[in-house]
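**Student:** Data: coords07.csv, CSV, C-alpha atoms and all ligand atoms.
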chain,number,residue,atom,x,y,z
A,1332,MET,CA,-21.7,-29.7,59.5
A,1333,ALA,CA,-20.4,-26.4,60.7
A,1334,ALA,CA,-22.5,-23.3,60.0
A,1335,GLU,CA,-20.9,-20.4,58.2
A,1336,ILE,CA,-18.5,-18.6,60.5
A,1337,GLN,CA,-17.1,-15.2,60.3
A,1338,PRO,CA,-13.4,-14.9,59.7
A,1339,LYS,CA,-11.7,-14.9,63.0
A,1340,PRO,CA,-8.4,-16.1,64.3
A,1341,LEU,CA,-8.0,-19.9,64.4
A,1342,THR,CA,-7.8,-20.4,68.1
A,1343,ARG,CA,-10.0,-23.4,68.4
A,1344,LYS,CA,-8.8,-26.9,68.1
A,1345,PRO,CA,-9.5,-28.4,64.7
A,1346,ILE,CA,-12.6,-30.7,64.9
A,1347,LEU,CA,-13.1,-33.5,62.4
A,1348,LEU,CA,-16.2,-32.5,60.4
A,1349,GLN,CA,-16.2,-35.2,57.8
A,1350,ARG,CA,-14.3,-38.1,56.5
A,1351,VAL,CA,-14.4,-38.2,52.7
A,1352,GLU,CA,-13.8,-41.9,51.9
A,1353,GLY,CA,-14.3,-44.4,49.2
A,1354,SER,CA,-11.0,-44.4,47.4
A,1355,GLN,CA,-8.5,-47.2,48.1
A,1356,GLU,CA,-5.9,-45.5,46.1
A,1357,VAL,CA,-3.6,-42.6,47.0
A,1358,VAL,CA,-5.3,-39.3,46.6
A,1359,ASN,CA,-2.6,-36.9,45.4
A,1360,MET,CA,-4.4,-33.6,45.8
A,1361,ALA,CA,-7.8,-32.3,47.0
A,1362,VAL,CA,-9.5,-29.0,47.2
A,1363,ILE,CA,-12.6,-27.6,48.9
A,1364,VAL,CA,-15.1,-26.2,46.4
A,1365,PRO,CA,-15.9,-22.7,47.7
A,1366,LYS,CA,-19.6,-22.1,48.6
A,1367,GLU,CA,-20.5,-25.7,47.9
A,1368,GLU,CA,-20.3,-28.5,50.3
A,1369,GLY,CA,-18.0,-30.3,47.9
A,1370,VAL,CA,-14.4,-31.6,47.5
A,1371,ILE,CA,-12.5,-32.3,44.3
A,1372,SER,CA,-9.8,-35.0,44.5
A,1373,VAL,CA,-7.3,-36.5,42.0
A,1374,SER,CA,-5.8,-39.9,42.6
A,1375,GLU,CA,-3.0,-42.3,41.6
A,1376,ASP,CA,-5.7,-44.7,40.4
A,1377,ARG,CA,-6.3,-42.3,37.5
A,1378,THR,CA,-9.6,-41.0,38.8
A,1379,VAL,CA,-10.9,-37.4,39.2
A,1380,ARG,CA,-13.8,-37.3,41.7
A,1381,VAL,CA,-16.0,-34.5,42.8
A,1382,TRP,CA,-17.6,-35.3,46.1
A,1383,LEU,CA,-20.8,-33.5,47.1
A,1384,LYS,CA,-22.4,-33.7,50.5
A,1385,ARG,CA,-25.8,-35.5,50.3
A,1386,ASP,CA,-28.9,-35.3,52.5
A,1387,SER,CA,-27.6,-38.3,54.4
A,1388,GLY,CA,-24.6,-36.2,55.6
A,1389,GLN,CA,-22.2,-38.4,53.6
A,1390,TYR,CA,-20.0,-37.3,50.7
A,1391,TRP,CA,-20.7,-39.2,47.5
A,1392,PRO,CA,-19.0,-38.7,44.1
A,1393,SER,CA,-21.1,-36.6,41.7
A,1394,ILE,CA,-18.4,-37.0,39.1
A,1395,TYR,CA,-16.2,-40.0,38.7
A,1396,HIS,CA,-13.9,-39.6,35.7
A,1397,VAL,CA,-11.0,-41.9,34.7
A,1398,MET,CA,-8.0,-40.3,33.0
A,1399,PRO,CA,-5.5,-42.1,30.7
A,1400,SER,CA,-2.7,-41.8,33.3
A,1401,PRO,CA,-2.4,-41.4,37.1
A,1402,CYS,CA,-3.4,-37.9,38.3
A,1403,SER,CA,-0.5,-36.3,40.2
A,1404,CYS,CA,-1.8,-32.7,40.8
A,1405,MET,CA,-4.4,-30.2,40.0
A,1406,SER,CA,-5.4,-26.5,40.0
A,1407,PHE,CA,-9.0,-25.5,40.4
A,1408,ASN,CA,-10.3,-22.0,39.6
A,1409,PRO,CA,-13.7,-21.5,41.2
A,1410,GLU,CA,-14.7,-18.4,39.2
A,1411,THR,CA,-14.5,-20.2,35.9
A,1412,ARG,CA,-14.9,-23.7,37.4
A,1413,ARG,CA,-11.8,-24.6,35.3
A,1414,LEU,CA,-10.0,-27.7,36.5
A,1415,SER,CA,-6.5,-28.3,35.3
A,1416,ILE,CA,-5.2,-31.8,36.0
A,1417,GLY,CA,-1.5,-32.8,35.9
A,1418,LEU,CA,-0.9,-36.4,34.8
A,1419,ASP,CA,1.9,-38.9,35.4
A,1420,ASN,CA,2.6,-39.0,31.6
A,1421,GLY,CA,3.4,-35.2,31.5
A,1422,THR,CA,0.2,-34.0,30.1
A,1423,ILE,CA,-2.0,-31.3,31.6
A,1424,SER,CA,-5.8,-31.8,30.9
A,1425,GLU,CA,-8.2,-29.0,31.2
A,1426,PHE,CA,-11.9,-29.4,32.0
A,1427,ILE,CA,-14.8,-27.1,32.8
A,1428,LEU,CA,-17.1,-28.3,35.6
A,1429,SER,CA,-20.8,-27.7,35.2
A,1430,GLU,CA,-22.6,-25.3,37.6
A,1431,ASP,CA,-24.2,-28.1,39.5
A,1432,TYR,CA,-20.8,-30.0,39.7
A,1433,ASN,CA,-22.3,-33.1,38.1
A,1434,LYS,CA,-20.5,-33.0,34.8
A,1435,MET,CA,-17.0,-32.2,33.5
A,1436,THR,CA,-16.3,-31.1,29.9
A,1437,PRO,CA,-12.9,-31.5,28.3
A,1438,VAL,CA,-11.4,-28.3,27.0
A,1439,LYS,CA,-7.8,-29.0,25.9
A,1440,ASN,CA,-4.6,-30.9,26.6
A,1441,TYR,CA,-1.2,-29.4,27.0
A,1442,GLN,CA,1.9,-31.6,26.3
A,1443,ALA,CA,3.7,-29.8,29.1
A,1444,HIS,CA,6.3,-32.2,30.4
A,1445,GLN,CA,8.4,-35.3,29.5
A,1446,SER,CA,7.3,-37.0,32.7
A,1447,ARG,CA,5.0,-36.6,35.7
A,1448,VAL,CA,3.6,-33.2,36.4
A,1449,THR,CA,4.4,-32.2,40.0
A,1450,MET,CA,2.7,-28.9,40.4
A,1451,ILE,CA,0.2,-26.7,38.4
A,1452,GLN,CA,-1.1,-23.2,38.9
A,1453,PHE,CA,-3.7,-21.6,36.7
A,1454,VAL,CA,-3.4,-17.8,36.6
A,1455,LEU,CA,-6.8,-16.4,35.4
A,1456,GLU,CA,-5.6,-12.8,35.2
A,1457,LEU,CA,-2.9,-13.7,32.5
A,1458,GLU,CA,-4.5,-16.8,31.1
A,1459,TRP,CA,-1.4,-18.7,32.0
A,1460,VAL,CA,-1.0,-22.3,33.1
A,1461,LEU,CA,2.2,-22.7,35.1
A,1462,SER,CA,3.6,-26.1,35.8
A,1463,THR,CA,6.6,-28.1,37.0
A,1464,GLY,CA,7.5,-31.7,36.2
A,1465,GLN,CA,9.6,-34.6,37.2
A,1466,ASP,CA,11.7,-33.7,34.1
A,1467,LYS,CA,13.0,-30.7,36.2
A,1468,GLN,CA,11.3,-28.3,33.9
A,1469,PHE,CA,9.2,-25.3,34.8
A,1470,ALA,CA,6.9,-24.3,31.9
A,1471,TRP,CA,4.2,-21.9,31.2
A,1472,HIS,CA,1.5,-22.1,28.6
A,1473,CYS,CA,-1.2,-19.7,27.3
A,1474,SER,CA,-4.6,-21.2,28.3
A,1475,GLU,CA,-6.3,-19.4,25.4
A,1476,SER,CA,-4.1,-20.7,22.5
A,1477,GLY,CA,-2.8,-23.8,24.3
A,1478,GLN,CA,0.7,-22.7,23.2
A,1479,ARG,CA,3.8,-23.2,25.2
A,1480,LEU,CA,5.2,-19.7,26.1
A,1481,GLY,CA,8.5,-20.7,27.8
A,1482,GLY,CA,10.4,-22.9,30.2
A,1483,TYR,CA,13.2,-23.0,32.7
A,1484,ARG,CA,15.3,-25.9,34.0
A,1485,THR,CA,15.3,-26.2,37.8
A,1486,SER,CA,18.2,-27.7,39.7
A,1487,ALA,CA,16.1,-30.5,41.1
A,1488,VAL,CA,12.5,-31.8,40.9
A,1489,ALA,CA,10.1,-29.0,42.0
A,1490,SER,CA,7.8,-29.6,44.9
A,1491,GLY,CA,6.5,-26.1,45.5
A,1492,LEU,CA,5.1,-23.5,43.0
A,1493,GLN,CA,3.7,-20.1,43.8
A,1494,PHE,CA,3.1,-17.0,41.7
A,1495,ASP,CA,2.8,-13.3,42.3
A,1496,VAL,CA,0.3,-12.0,39.8
A,1497,GLU,CA,1.0,-8.4,40.2
A,1498,THR,CA,4.8,-8.5,39.7
A,1499,ARG,CA,4.9,-11.8,37.7
A,1500,HIS,CA,7.4,-13.4,39.9
A,1501,VAL,CA,7.3,-17.2,40.2
A,1502,PHE,CA,8.7,-19.1,43.2
A,1503,ILE,CA,9.8,-22.7,42.7
A,1504,GLY,CA,10.9,-24.8,45.6
A,1505,ASP,CA,12.8,-28.0,44.8
A,1506,GLN,CA,13.9,-31.2,46.4
A,1507,SER,CA,17.5,-29.9,46.8
A,1508,GLY,CA,16.2,-27.4,49.3
A,1509,GLN,CA,16.5,-24.4,46.9
A,1510,VAL,CA,13.9,-21.8,46.1
A,1511,THR,CA,14.3,-20.2,42.6
A,1512,ILE,CA,12.7,-16.9,41.8
A,1513,LEU,CA,12.0,-16.1,38.2
A,1514,LYS,CA,10.5,-13.0,36.6
A,1515,LEU,CA,8.2,-14.0,33.8
A,1516,GLU,CA,7.6,-12.0,30.7
A,1517,GLN,CA,5.1,-13.1,28.0
A,1518,GLU,CA,7.6,-15.5,26.3
A,1519,ASN,CA,10.8,-15.4,28.4
A,1520,CYS,CA,12.0,-15.4,31.9
A,1521,THR,CA,14.9,-14.1,33.9
A,1522,LEU,CA,16.5,-15.6,37.0
A,1523,VAL,CA,16.1,-13.1,39.8
A,1524,THR,CA,17.7,-15.0,42.7
A,1525,THR,CA,17.9,-18.3,44.5
A,1526,PHE,CA,17.3,-18.8,48.2
A,1527,ARG,CA,19.1,-21.5,50.1
A,1528,GLY,CA,18.1,-21.9,53.7
A,1529,HIS,CA,16.9,-25.5,54.2
A,1530,THR,CA,19.1,-28.5,54.9
A,1531,GLY,CA,16.4,-30.8,53.5
A,1532,GLY,CA,14.2,-30.6,50.4
A,1533,VAL,CA,11.5,-28.0,50.0
A,1534,THR,CA,8.1,-29.8,50.4
A,1535,ALA,CA,5.7,-26.8,50.1
A,1536,LEU,CA,5.6,-23.1,49.3
A,1537,CYS,CA,3.0,-20.5,50.2
A,1538,TRP,CA,3.0,-16.9,49.1
A,1539,ASP,CA,1.3,-14.0,50.9
A,1540,PRO,CA,0.9,-11.3,48.1
A,1541,VAL,CA,-0.3,-8.7,50.6
A,1542,GLN,CA,2.7,-8.8,53.0
A,1543,GLN,CA,5.0,-10.1,50.2
A,1544,VAL,CA,6.2,-13.0,52.3
A,1545,LEU,CA,7.1,-16.4,51.0
A,1546,PHE,CA,6.9,-19.4,53.3
A,1547,SER,CA,8.8,-22.6,52.5
A,1548,GLY,CA,8.3,-25.9,54.4
A,1549,SER,CA,11.0,-28.5,54.4
A,1550,SER,CA,11.8,-32.1,55.3
A,1551,ASP,CA,14.3,-30.5,57.7
A,1552,HIS,CA,11.3,-29.9,60.0
A,1553,SER,CA,11.4,-26.1,59.6
A,1554,VAL,CA,9.4,-23.4,57.8
A,1555,ILE,CA,11.3,-20.4,56.6
A,1556,MET,CA,9.6,-17.1,56.3
A,1557,TRP,CA,11.3,-15.1,53.5
A,1558,ASN,CA,10.3,-11.5,54.0
A,1559,ILE,CA,10.8,-10.2,50.4
A,1560,GLY,CA,8.5,-7.2,50.5
A,1561,GLY,CA,9.4,-3.8,51.9
A,1562,ARG,CA,13.1,-4.5,51.0
A,1563,LYS,CA,13.4,-6.2,54.3
A,1564,GLY,CA,15.2,-9.2,52.9
A,1565,THR,CA,15.0,-11.1,56.2
A,1566,ALA,CA,14.7,-14.8,56.6
A,1567,ILE,CA,13.1,-16.2,59.7
A,1568,GLU,CA,13.1,-19.8,60.6
A,1569,LEU,CA,10.0,-21.2,62.3
A,1570,GLN,CA,10.7,-24.3,64.4
A,1571,GLY,CA,7.5,-25.9,65.6
A,1572,HIS,CA,7.6,-29.4,64.1
A,1573,ASN,CA,9.3,-32.6,65.2
A,1574,ASP,CA,9.0,-34.1,61.8
A,1575,LYS,CA,8.9,-33.2,58.1
A,1576,VAL,CA,6.8,-30.2,57.3
A,1577,GLN,CA,4.6,-31.5,54.4
A,1578,ALA,CA,1.9,-28.9,53.7
A,1579,LEU,CA,1.4,-25.2,54.2
A,1580,SER,CA,-1.6,-22.9,53.9
A,1581,TYR,CA,-2.1,-19.2,54.6
A,1582,ALA,CA,-5.2,-17.7,56.1
A,1583,GLN,CA,-5.0,-14.2,54.6
A,1584,HIS,CA,-7.8,-12.6,56.6
A,1585,THR,CA,-6.4,-13.5,60.0
A,1586,ARG,CA,-2.7,-13.5,59.0
A,1587,GLN,CA,-2.2,-17.1,60.2
A,1588,LEU,CA,0.1,-19.7,58.6
A,1589,ILE,CA,-1.0,-23.3,58.9
A,1590,SER,CA,1.8,-25.8,58.7
A,1591,CYS,CA,1.2,-29.6,58.8
A,1592,GLY,CA,3.8,-32.2,59.6
A,1593,GLY,CA,4.5,-35.9,58.9
A,1594,ASP,CA,3.8,-36.6,62.6
A,1595,GLY,CA,0.2,-35.3,62.3
A,1596,GLY,CA,1.1,-32.0,63.9
A,1597,ILE,CA,-0.9,-28.9,62.8
A,1598,VAL,CA,0.8,-25.7,63.8
A,1599,VAL,CA,-1.1,-22.4,63.5
A,1600,TRP,CA,1.3,-19.5,63.5
A,1601,ASN,CA,0.3,-16.0,64.4
A,1602,MET,CA,1.9,-13.8,61.6
A,1603,ASP,CA,0.9,-10.5,63.2
A,1604,VAL,CA,3.9,-11.0,65.5
A,1605,GLU,CA,7.1,-9.2,64.6
A,1606,ARG,CA,9.8,-11.9,64.6
A,1607,GLN,CA,13.5,-11.3,64.5
A,1608,GLU,CA,16.2,-13.1,62.4
A,1609,THR,CA,18.4,-15.5,64.2
A,1610,PRO,CA,22.0,-14.2,64.6
A,1611,GLU,CA,24.9,-15.5,62.5
A,1612,TRP,CA,26.8,-18.1,64.4
A,1613,LEU,CA,30.1,-16.6,65.5
A,1614,ASP,CA,33.3,-18.6,65.2
A,1615,SER,CA,35.7,-18.6,68.0
A,1616,ASP,CA,38.6,-20.7,69.1
A,1617,SER,CA,37.5,-20.4,72.7
A,1618,CYS,CA,34.2,-19.9,74.6
A,1619,GLN,CA,33.1,-16.3,74.3
A,1620,LYS,CA,31.9,-16.3,77.9
A,1621,CYS,CA,34.6,-18.1,79.9
A,1622,ASP,CA,37.5,-18.1,77.5
A,1623,GLN,CA,38.0,-21.9,77.7
A,1624,PRO,CA,39.5,-23.1,74.4
A,1625,PHE,CA,37.5,-25.4,72.1
A,1626,PHE,CA,39.0,-28.7,71.3
A,1627,TRP,CA,40.5,-27.9,67.9
A,1628,ASN,CA,42.6,-25.0,69.3
A,1629,PHE,CA,45.7,-27.1,69.6
A,1630,LYS,CA,48.1,-24.3,70.4
A,1631,GLN,CA,46.1,-22.7,73.2
A,1632,MET,CA,45.4,-26.2,74.6
A,1633,TRP,CA,49.1,-27.0,74.5
A,1634,ASP,CA,50.0,-23.7,76.2
A,1635,SER,CA,47.4,-23.9,78.9
A,1636,LYS,CA,47.5,-27.7,79.2
A,1637,LYS,CA,43.7,-27.7,79.2
A,1638,ILE,CA,41.5,-30.2,77.4
A,1639,GLY,CA,39.4,-28.5,74.7
A,1640,LEU,CA,35.7,-28.1,75.0
A,1641,ARG,CA,33.0,-28.7,72.4
A,1642,GLN,CA,31.8,-25.5,70.7
A,1643,HIS,CA,28.0,-24.7,71.0
A,1644,HIS,CA,26.1,-21.7,69.9
A,1645,CYS,CA,23.6,-19.6,71.7
A,1646,ARG,CA,20.5,-19.4,69.5
A,1647,LYS,CA,19.8,-15.9,70.8
A,1648,CYS,CA,23.1,-14.0,70.5
A,1649,GLY,CA,24.9,-16.4,68.2
A,1650,LYS,CA,28.0,-16.5,70.4
A,1651,ALA,CA,30.2,-19.6,70.5
A,1652,VAL,CA,30.0,-20.9,74.0
A,1653,CYS,CA,31.0,-24.0,75.9
A,1654,GLY,CA,28.5,-26.5,77.3
A,1655,LYS,CA,28.9,-25.1,80.8
A,1656,CYS,CA,28.1,-21.6,79.8
A,1657,SER,CA,25.0,-22.7,77.9
A,1658,SER,CA,23.5,-25.3,80.2
A,1659,LYS,CA,20.0,-23.9,80.1
A,1660,ARG,CA,17.3,-24.1,77.4
A,1661,SER,CA,14.5,-21.7,76.5
A,1662,PRO,CA,11.9,-21.3,73.7
A,1663,ILE,CA,12.5,-18.0,71.8
A,1664,PRO,CA,9.2,-17.7,69.9
A,1665,LEU,CA,10.0,-14.2,68.6
A,1666,MET,CA,12.9,-15.8,66.7
A,1667,GLY,CA,10.8,-18.7,65.5
A,1668,PHE,CA,11.9,-21.2,68.1
A,1669,GLU,CA,8.6,-22.5,69.7
A,1670,PHE,CA,10.6,-25.4,71.3
A,1671,GLU,CA,13.4,-25.1,73.8
A,1672,VAL,CA,16.8,-24.4,72.3
A,1673,ARG,CA,20.3,-23.8,73.6
A,1674,VAL,CA,20.9,-20.3,74.9
A,1675,CYS,CA,23.9,-18.9,76.8
A,1676,ASP,CA,23.5,-18.2,80.5
A,1677,SER,CA,23.3,-14.5,80.2
A,1678,CYS,CA,20.7,-14.6,77.4
A,1679,HIS,CA,18.7,-17.1,79.5
A,1680,GLU,CA,18.6,-14.5,82.3
A,1681,ALA,CA,17.6,-11.8,79.9
A,1682,ILE,CA,14.7,-13.5,78.3
A,1683,THR,CA,11.5,-12.4,79.9
A,1684,ASP,CA,8.4,-14.6,80.5
A,1685,GLU,CA,6.6,-12.4,78.0
A,1686,GLU,CA,9.2,-13.3,75.3
A,1687,ARG,CA,8.7,-17.0,76.1
A,1688,ALA,CA,5.0,-16.8,75.4
A,1689,PRO,CA,4.1,-19.1,72.4
A,1690,THR,CA,3.2,-17.3,69.1
A,1691,ALA,CA,1.7,-20.5,67.6
A,1692,THR,CA,-0.9,-23.0,68.6
A,1693,PHE,CA,-0.3,-26.8,68.3
A,1694,HIS,CA,-2.7,-29.5,67.4
A,1695,ASP,CA,-2.3,-33.2,66.9
A,1696,SER,CA,-4.4,-34.6,64.0
A,1697,LYS,CA,-2.9,-38.1,64.6
A,1698,HIS,CA,-2.5,-38.7,60.9
A,1699,ASN,CA,0.2,-38.1,58.4
A,1700,ILE,CA,-0.9,-34.9,56.6
A,1701,VAL,CA,0.6,-34.6,53.1
A,1702,HIS,CA,-1.7,-32.0,51.7
A,1703,VAL,CA,-3.8,-29.2,53.1
A,1704,HIS,CA,-6.3,-26.8,51.7
A,1705,PHE,CA,-7.9,-24.1,53.8
A,1706,ASP,CA,-11.2,-22.5,53.0
A,1707,ALA,CA,-11.3,-19.2,54.9
A,1708,THR,CA,-15.0,-18.5,54.3
A,1709,ARG,CA,-16.0,-21.4,56.4
A,1710,GLY,CA,-12.9,-22.1,58.5
A,1711,TRP,CA,-12.6,-25.5,56.9
A,1712,LEU,CA,-9.3,-27.2,56.7
A,1713,LEU,CA,-9.1,-30.1,54.2
A,1714,THR,CA,-6.3,-32.4,54.9
A,1715,ARG,CA,-5.3,-35.6,53.4
A,1716,GLU,CA,-3.5,-38.6,54.7
A,1717,LEU,CA,-2.5,-41.4,52.4
A,1718,THR,CA,-5.9,-42.7,51.3
A,1719,ARG,CA,-8.4,-40.6,53.2
A,1720,LEU,CA,-9.6,-37.0,53.0
A,1721,LEU,CA,-10.5,-35.3,56.1
A,1722,SER,CA,-12.4,-32.1,56.4
A,1723,CYS,CA,-11.7,-30.3,59.7
A,1724,GLY,CA,-13.4,-27.2,61.1
A,1725,ILE,CA,-11.1,-24.8,62.9
B,1,ZN,ZN,32.3,-21.2,78.7
B,2,ZN,ZN,23.5,-15.6,74.2
Show this structure as structure tokens.
Ligand SMILES: [Zn+2]
Ligand SMILES: [Zn+2]

**Tutor:**
Amino acid sequence: MAAEIQPKPLTRKPILLQRVEGSQEVVNMAVIVPKEEGVISVSEDRTVRVWLKRDSGQYWPSIYHVMPSPCSCMSFNPETRRLSIGLDNGTISEFILSEDYNKMTPVKNYQAHQSRVTMIQFVLELEWVLSTGQDKQFAWHCSESGQRLGGYRTSAVASGLQFDVETRHVFIGDQSGQVTILKLEQENCTLVTTFRGHTGGVTALCWDPVQQVLFSGSSDHSVIMWNIGGRKGTAIELQGHNDKVQALSYAQHTRQLISCGGDGGIVVWNMDVERQETPEWLDSDSCQKCDQPFFWNFKQMWDSKKIGLRQHHCRKCGKAVCGKCSSKRSPIPLMGFEFEVRVCDSCHEAITDEERAPTATFHDSKHNIVHVHFDATRGWLLTRELTRLLSCGI
């Protein structure tokens, strides 16, 4: 097992440290227990397991607890060892784990949703339990009284939930591709705004409270970085996956974003880099380089007796150009394009080799990662494929 490592940028290739096996059923969520060589997992087979590393080097369950309904999600607070488990029947069950992680004691149940709980976040500072469900409800409860404090109906089933403790803003990403931002008061909430940038559903959200940046991963293969703080209001698309982005994690101390894809790709993005927004795509009836008309400009076509061309867009300047004037491809990492994209010929000439240098590192885990948890103190990355938990050192 890896020794403790000092926080440093994740530049090494992830190495498989341990396979945590034993469950034949789908593990829905798992977290690393900080400072312990342990992992907590919740599964579709209704079990909650705490895995501790034994002298043999293998992980064995120290707790094996069966819930009344499949466990869909969880939130673990290491300071209080409070474990909140979301169930398929809409209930959230709260437990306290013993110091040696050998016992879990029930505390209370919240009848939070009409159907499957999709996300939970426990906020110790406010004693709030935030949750979303398949019933398209966002709800928050007081964890001291167990009382429901309020709710909000989202446009689709939520698949991402993040909270900014200081300003009490909640971010909810849903399967329609929308991100809803609410400001929570003790017993009511106001809609601040909604973000629409993805063409597919939101699969994961990740909030950096220091830089005030929200990351959203989507089935449209992209991650969008919503720069909310500093009144910047910019949105930068990060294109580094060839498949659905399914999980996100942020390494605060090194300012690196880890995104995991359905194709097994793990991309580690350097967030110290200043990236620019992509330009708006310009509309034109003819190529903005050579003036050849595009195919729907019937009048000009008729006048000049020329066959219209297909309209393309340069990803760097946003100009509408024909295929001939945009025959070259280039990565533009500073705009979030780690892969080659269409650029017009003049932009292609203007892009320097320095600007082409990648701002992310790419790794192939060779398995479909649907959940990731990063433990910064040890550089451990816990990923999960359908029935196996893998702990990787990076
Ligand atoms: Zn042209
Ligand atoms: Zn251009």

**Student:** Between atom CA of A:Gln1577 and atom CA of A:Val1533, measure the distance and give it in Å to one decimal.

**Tutor:**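 The value is 8.9 Å.
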
**Student:** Would you mind telling me which residue in A:Asp1622, A:Asp1419, A:Glu1669, A:Glu1680 lies nearest to ligand ZN 1 (chain B) when using only C-alpha atoms and all ligand atoms?

**Tutor:**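 Once distances to ligand ZN 1 (chain B) are computed over only C-alpha atoms and all ligand atoms, the minimum belongs to A:Asp1622.
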
**Student:** Could you tell me how far atom CA of A:Tyr1483 sits from atom CA of A:Glu1518, in Å to one decimal place?

**Tutor:** 11.3 Å

**Student:** Please report the interatomic distance between atom CA of A:Gly1593 and atom CA of A:Val1373 in Å with one decimal.

**Tutor:**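 Value for the atom CA of A:Gly1593-atom CA of A:Val1373 distance: 20.6 Å.
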
**Student:** What do you get as an MDAnalysis selection string if you pick all residues at most 12 Å from ligand ZN 2 (chain B), counting only C-alpha atoms and all ligand atoms?

**Tutor:** chainID A and resid 1609:1613 1618:1620 1643:1653 1656:1661 1663 1672:1682

**Student:** Since we have the selection now, will you write its residues out, keeping C-alpha atoms, as a PDB file, in the coordinates of the input?

**Tutor:**
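Writing done, so here's out_13.pdb:
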ATOM      1  CA  THR A1609      18.400 -15.500  64.200  1.00  0.00           C
ATOM      2  CA  PRO A1610      22.000 -14.200  64.600  1.00  0.00           C
ATOM      3  CA  GLU A1611      24.900 -15.500  62.500  1.00  0.00           C
ATOM      4  CA  TRP A1612      26.800 -18.100  64.400  1.00  0.00           C
ATOM      5  CA  LEU A1613      30.100 -16.600  65.500  1.00  0.00           C
ATOM      6  CA  CYS A1618      34.200 -19.900  74.600  1.00  0.00           C
ATOM      7  CA  GLN A1619      33.100 -16.300  74.300  1.00  0.00           C
ATOM      8  CA  LYS A1620      31.900 -16.300  77.900  1.00  0.00           C
ATOM      9  CA  HIS A1643      28.000 -24.700  71.000  1.00  0.00           C
ATOM     10  CA  HIS A1644      26.100 -21.700  69.900  1.00  0.00           C
ATOM     11  CA  CYS A1645      23.600 -19.600  71.700  1.00  0.00           C
ATOM     12  CA  ARG A1646      20.500 -19.400  69.500  1.00  0.00           C
ATOM     13  CA  LYS A1647      19.800 -15.900  70.800  1.00  0.00           C
ATOM     14  CA  CYS A1648      23.100 -14.000  70.500  1.00  0.00           C
ATOM     15  CA  GLY A1649      24.900 -16.400  68.200  1.00  0.00           C
ATOM     16  CA  LYS A1650      28.000 -16.500  70.400  1.00  0.00           C
ATOM     17  CA  ALA A1651      30.200 -19.600  70.500  1.00  0.00           C
ATOM     18  CA  VAL A1652      30.000 -20.900  74.000  1.00  0.00           C
ATOM     19  CA  CYS A1653      31.000 -24.000  75.900  1.00  0.00           C
ATOM     20  CA  CYS A1656      28.100 -21.600  79.800  1.00  0.00           C
ATOM     21  CA  SER A1657      25.000 -22.700  77.900  1.00  0.00           C
ATOM     22  CA  SER A1658      23.500 -25.300  80.200  1.00  0.00           C
ATOM     23  CA  LYS A1659      20.000 -23.900  80.100  1.00  0.00           C
ATOM     24  CA  ARG A1660      17.300 -24.100  77.400  1.00  0.00           C
ATOM     25  CA  SER A1661      14.500 -21.700  76.500  1.00  0.00           C
ATOM     26  CA  ILE A1663      12.500 -18.000  71.800  1.00  0.00           C
ATOM     27  CA  VAL A1672      16.800 -24.400  72.300  1.00  0.00           C
ATOM     28  CA  ARG A1673      20.300 -23.800  73.600  1.00  0.00           C
ATOM     29  CA  VAL A1674      20.900 -20.300  74.900  1.00  0.00           C
ATOM     30  CA  CYS A1675      23.900 -18.900  76.800  1.00  0.00           C
ATOM     31  CA  ASP A1676      23.500 -18.200  80.500  1.00  0.00           C
ATOM     32  CA  SER A1677      23.300 -14.500  80.200  1.00  0.00           C
ATOM     33  CA  CYS A1678      20.700 -14.600  77.400  1.00  0.00           C
ATOM     34  CA  HIS A1679      18.700 -17.100  79.500  1.00  0.00           C
ATOM     35  CA  GLU A1680      18.600 -14.500  82.300  1.00  0.00           C
ATOM     36  CA  ALA A1681      17.600 -11.800  79.900  1.00  0.00           C
ATOM     37  CA  ILE A1682      14.700 -13.500  78.300  1.00  0.00           C
TER      38      ILE A1682
END
